[in-house]
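Heads up, the thing below is written out as structure tokens.
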Amino acid sequence: LTLNAESFVEEVEKNPQIKMVAKAYGKEYHRRVVSARPPYAPWPNDVRVPFAEYDELVASMSKTAAVFIGMQALSRLSNTSWRGMRQSRRQQVDKLSEEVLQGKSAVIQDHTGKVFRIVSVVALHLEHENGYLFAQVGKLSEKGLSATCELPGAKHEHGQLVEDALDQLLTTKLAALQGCVEIEHLTARLLEKMSEEYNVLTRYRRTIC
């Protein structure tokens, strides 16, 4: 494949929306290249740039670009497989669309035509030298207190790299530990399954620090 850079730029300039997405993609890819360094990521090479898959880039783009991409994906999906959908299904789609518009969810369409909801989370695996593991054992919400046992974490927000999300976690939910945590390495995990809430294939990306 040979791409004429000048012709490409000329064509992109003709469409403001494509120009916006192209600039957002290029900006996020560049951020991944210059920020890829231990302990937050392996060094980049000619084959792979860490955390630079398409869905990872979209999830960290500006809200404007991510909303445009998400609504295009949902529009594509609603025009094909969701025709004649039941009222309950329409409500699920409307709810997901509203979350995309609010910047709370990211949705993409991959190169095969599949539509995915993207959830990116950073979690902290904090272990004492005596072997004790720091864990979250409960959640407090409007519905009350519920028991849980998981690593403390937080969702990525628009424009955040992994280290940004981790810094936010350590300055908010885990402020008492700020300055006491040493990051040794990261582990990235990927899980794809249907979301029970939205009935949409969801790609869960979890980075454990």
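All residue names refer to the structure tokens as shown: chains lettered A, B, ... in order, residues numbered from 1 in each chain, ligands numbered from 1 in order.
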Next item on the list: Name the residues of range 10-122 of chain A that fall into alpha helix (DSSP H) according to DSSP on the backbone, using the chain letters and numbers of this document, as a VMD selection string.
Entry: chain A and resid 10 to 13 16 to 35 54 to 59 63 to 78 87 to 101
Next item on the list: Among the residues of range 47-150 of chain A, find those DSSP assigns to strand (DSSP E or B) from the backbone and print them as a ChimeraX atom specification.
Entry: /A:106-109,115-123,126-127,133-134,136-141,144-150
Mind writing the picked residues with N, CA, C and O atoms as a short mmCIF file (atom, residue, chain, number, x, y, z; two decimals), in the first residue's frame?
data_model
loop_
_atom_site.label_atom_id
_atom_site.label_comp_id
_atom_site.auth_asym_id
_atom_site.auth_seq_id
_atom_site.Cartn_x
_atom_site.Cartn_y
_atom_site.Cartn_z
N ALA A 106 -17.83 4.83 25.38
CA ALA A 106 -17.22 4.92 24.05
C ALA A 106 -17.70 3.73 23.24
O ALA A 106 -17.76 2.60 23.75
N VAL A 107 -18.06 3.97 21.99
CA VAL A 107 -18.53 2.91 21.10
C VAL A 107 -17.80 3.04 19.77
O VAL A 107 -17.61 4.15 19.26
N ILE A 108 -17.37 1.91 19.22
CA ILE A 108 -16.66 1.92 17.94
C ILE A 108 -17.22 0.84 17.02
O ILE A 108 -17.91 -0.07 17.46
N GLN A 109 -16.89 0.97 15.75
CA GLN A 109 -17.12 -0.09 14.78
C GLN A 109 -15.76 -0.51 14.25
O GLN A 109 -14.99 0.33 13.77
N VAL A 115 -19.79 -3.79 16.07
CA VAL A 115 -19.89 -2.63 16.95
C VAL A 115 -19.59 -3.06 18.38
O VAL A 115 -20.16 -4.04 18.87
N PHE A 116 -18.71 -2.33 19.04
CA PHE A 116 -18.30 -2.63 20.40
C PHE A 116 -18.51 -1.43 21.30
O PHE A 116 -18.28 -0.29 20.89
N ARG A 117 -18.93 -1.72 22.51
CA ARG A 117 -18.86 -0.71 23.59
C ARG A 117 -17.51 -0.91 24.27
O ARG A 117 -17.10 -2.06 24.52
N ILE A 118 -16.82 0.18 24.58
CA ILE A 118 -15.47 0.09 25.13
C ILE A 118 -15.47 0.56 26.58
O ILE A 118 -15.97 1.64 26.90
N VAL A 119 -14.92 -0.26 27.45
CA VAL A 119 -14.75 0.10 28.86
C VAL A 119 -13.28 -0.07 29.21
O VAL A 119 -12.74 -1.17 29.12
N SER A 120 -12.63 1.02 29.59
CA SER A 120 -11.21 0.99 29.95
C SER A 120 -11.06 1.33 31.43
O SER A 120 -11.56 2.36 31.89
N VAL A 121 -10.38 0.45 32.16
CA VAL A 121 -10.25 0.60 33.61
C VAL A 121 -8.80 0.41 34.01
O VAL A 121 -8.08 -0.41 33.43
N VAL A 122 -8.36 1.18 35.00
CA VAL A 122 -7.04 0.98 35.59
C VAL A 122 -7.25 0.52 37.02
O VAL A 122 -8.11 1.03 37.73
N ALA A 123 -6.52 -0.51 37.42
CA ALA A 123 -6.64 -1.07 38.78
C ALA A 123 -5.26 -1.13 39.43
O ALA A 123 -4.24 -1.27 38.74
N LEU A 126 -1.67 -3.64 44.83
CA LEU A 126 -0.72 -3.16 45.83
C LEU A 126 -0.47 -4.27 46.85
O LEU A 126 -1.38 -4.71 47.55
N GLU A 127 0.78 -4.71 46.89
CA GLU A 127 1.14 -5.83 47.76
C GLU A 127 2.26 -5.43 48.70
O GLU A 127 3.29 -4.87 48.29
N LEU A 133 -2.29 -8.22 50.56
CA LEU A 133 -2.77 -7.55 49.36
C LEU A 133 -3.83 -6.52 49.72
O LEU A 133 -4.76 -6.81 50.47
N PHE A 134 -3.68 -5.32 49.18
CA PHE A 134 -4.63 -4.24 49.41
C PHE A 134 -5.84 -4.43 48.49
O PHE A 134 -5.69 -4.51 47.27
N GLN A 136 -10.31 -3.70 47.83
CA GLN A 136 -11.55 -3.00 48.16
C GLN A 136 -12.60 -4.05 48.53
O GLN A 136 -12.88 -4.96 47.74
N VAL A 137 -13.19 -3.93 49.71
CA VAL A 137 -14.10 -4.97 50.20
C VAL A 137 -15.55 -4.50 50.26
O VAL A 137 -16.42 -5.23 50.75
N GLY A 138 -15.82 -3.29 49.78
CA GLY A 138 -17.19 -2.80 49.80
C GLY A 138 -17.36 -1.57 48.93
O GLY A 138 -16.38 -0.90 48.59
N LYS A 139 -18.60 -1.29 48.54
CA LYS A 139 -18.93 -0.11 47.75
C LYS A 139 -20.12 0.59 48.39
O LYS A 139 -21.09 -0.05 48.82
N LEU A 140 -20.04 1.91 48.45
CA LEU A 140 -21.12 2.72 49.00
C LEU A 140 -21.76 3.51 47.87
O LEU A 140 -21.09 4.24 47.15
N SER A 141 -23.06 3.34 47.70
CA SER A 141 -23.80 4.04 46.65
C SER A 141 -25.12 4.55 47.22
O SER A 141 -25.38 4.43 48.42
N GLY A 144 -27.04 2.04 49.05
CA GLY A 144 -26.51 1.54 50.31
C GLY A 144 -25.14 0.91 50.15
O GLY A 144 -24.46 1.10 49.14
N LEU A 145 -24.74 0.13 51.12
CA LEU A 145 -23.43 -0.51 51.13
C LEU A 145 -23.54 -1.94 50.60
O LEU A 145 -24.42 -2.69 51.02
N SER A 146 -22.68 -2.27 49.67
CA SER A 146 -22.67 -3.63 49.12
C SER A 146 -21.27 -4.23 49.27
O SER A 146 -20.27 -3.53 49.15
N ALA A 147 -21.23 -5.52 49.54
CA ALA A 147 -19.96 -6.22 49.73
C ALA A 147 -19.32 -6.55 48.39
O ALA A 147 -20.00 -6.86 47.42
N THR A 148 -18.01 -6.45 48.34
CA THR A 148 -17.26 -6.80 47.14
C THR A 148 -15.83 -7.12 47.55
O THR A 148 -15.42 -6.82 48.68
N CYS A 149 -15.11 -7.73 46.67
CA CYS A 149 -13.69 -7.99 46.93
C CYS A 149 -12.95 -7.88 45.61
O CYS A 149 -13.00 -8.79 44.78
N GLU A 150 -12.30 -6.75 45.40
CA GLU A 150 -11.64 -6.49 44.13
C GLU A 150 -10.51 -5.49 44.32
O GLU A 150 -10.41 -4.83 45.36
#
Next item on the list: Might you pull out every residue within 9 Å of range 62-69 of chain A, with only C-alpha atoms counted and same-chain residues fewer than 4 positions away left off, and present them as a list in words?
Entry: Gln17, Met20, Val21, Ala24, Tyr25, Val58, Ala73, Leu74, Val100, Leu101, Gln102, Gly103, Ser105, Ala106, Val107, Ile108, Gln109, His158 and Gly159 of chain A
Notebook entry, point to check: Quick one: distance from CA of Val34 in chain A to CA of Asp164 in chain A in Å, one decimal?
Noted result: 14.3 Å
Next item on the list: Would you kindly return, as a list in words, each protein, DNA or RNA residue with an atom no farther than 12 Å from any atom of range 175-181 of chain A, considering only C-alpha atoms and excluding same-chain residues fewer than 6 positions away?
Entry: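 Neighbouring residues, sequence-local ones excluded: Leu124, His125, Leu126, Glu127, His128, Phe134, Leu166, Asp167, Gln168, Leu169 and Cys209 of chain A.
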Any chance you could export the current selection's C-alpha atoms as a PDB file, in the first residue's frame?
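Wrote it out as selection.pdb, contents follow:
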ATOM      1  CA  LEU A 124      -3.988  -0.983  41.476  1.00  0.00           C
ATOM      2  CA  HIS A 125      -2.410  -4.274  42.623  1.00  0.00           C
ATOM      3  CA  LEU A 126      -0.722  -3.160  45.834  1.00  0.00           C
ATOM      4  CA  GLU A 127       1.141  -5.828  47.763  1.00  0.00           C
ATOM      5  CA  HIS A 128       3.068  -5.430  51.010  1.00  0.00           C
ATOM      6  CA  PHE A 134      -4.632  -4.238  49.412  1.00  0.00           C
ATOM      7  CA  LEU A 166      -3.491   6.053  37.921  1.00  0.00           C
ATOM      8  CA  ASP A 167      -2.455   9.498  39.192  1.00  0.00           C
ATOM      9  CA  GLN A 168      -6.119  10.482  39.451  1.00  0.00           C
ATOM     10  CA  LEU A 169      -6.874   7.306  41.402  1.00  0.00           C
ATOM     11  CA  CYS A 209      -0.543  -1.553  37.891  1.00  0.00           C
TER      12      CYS A 209
END
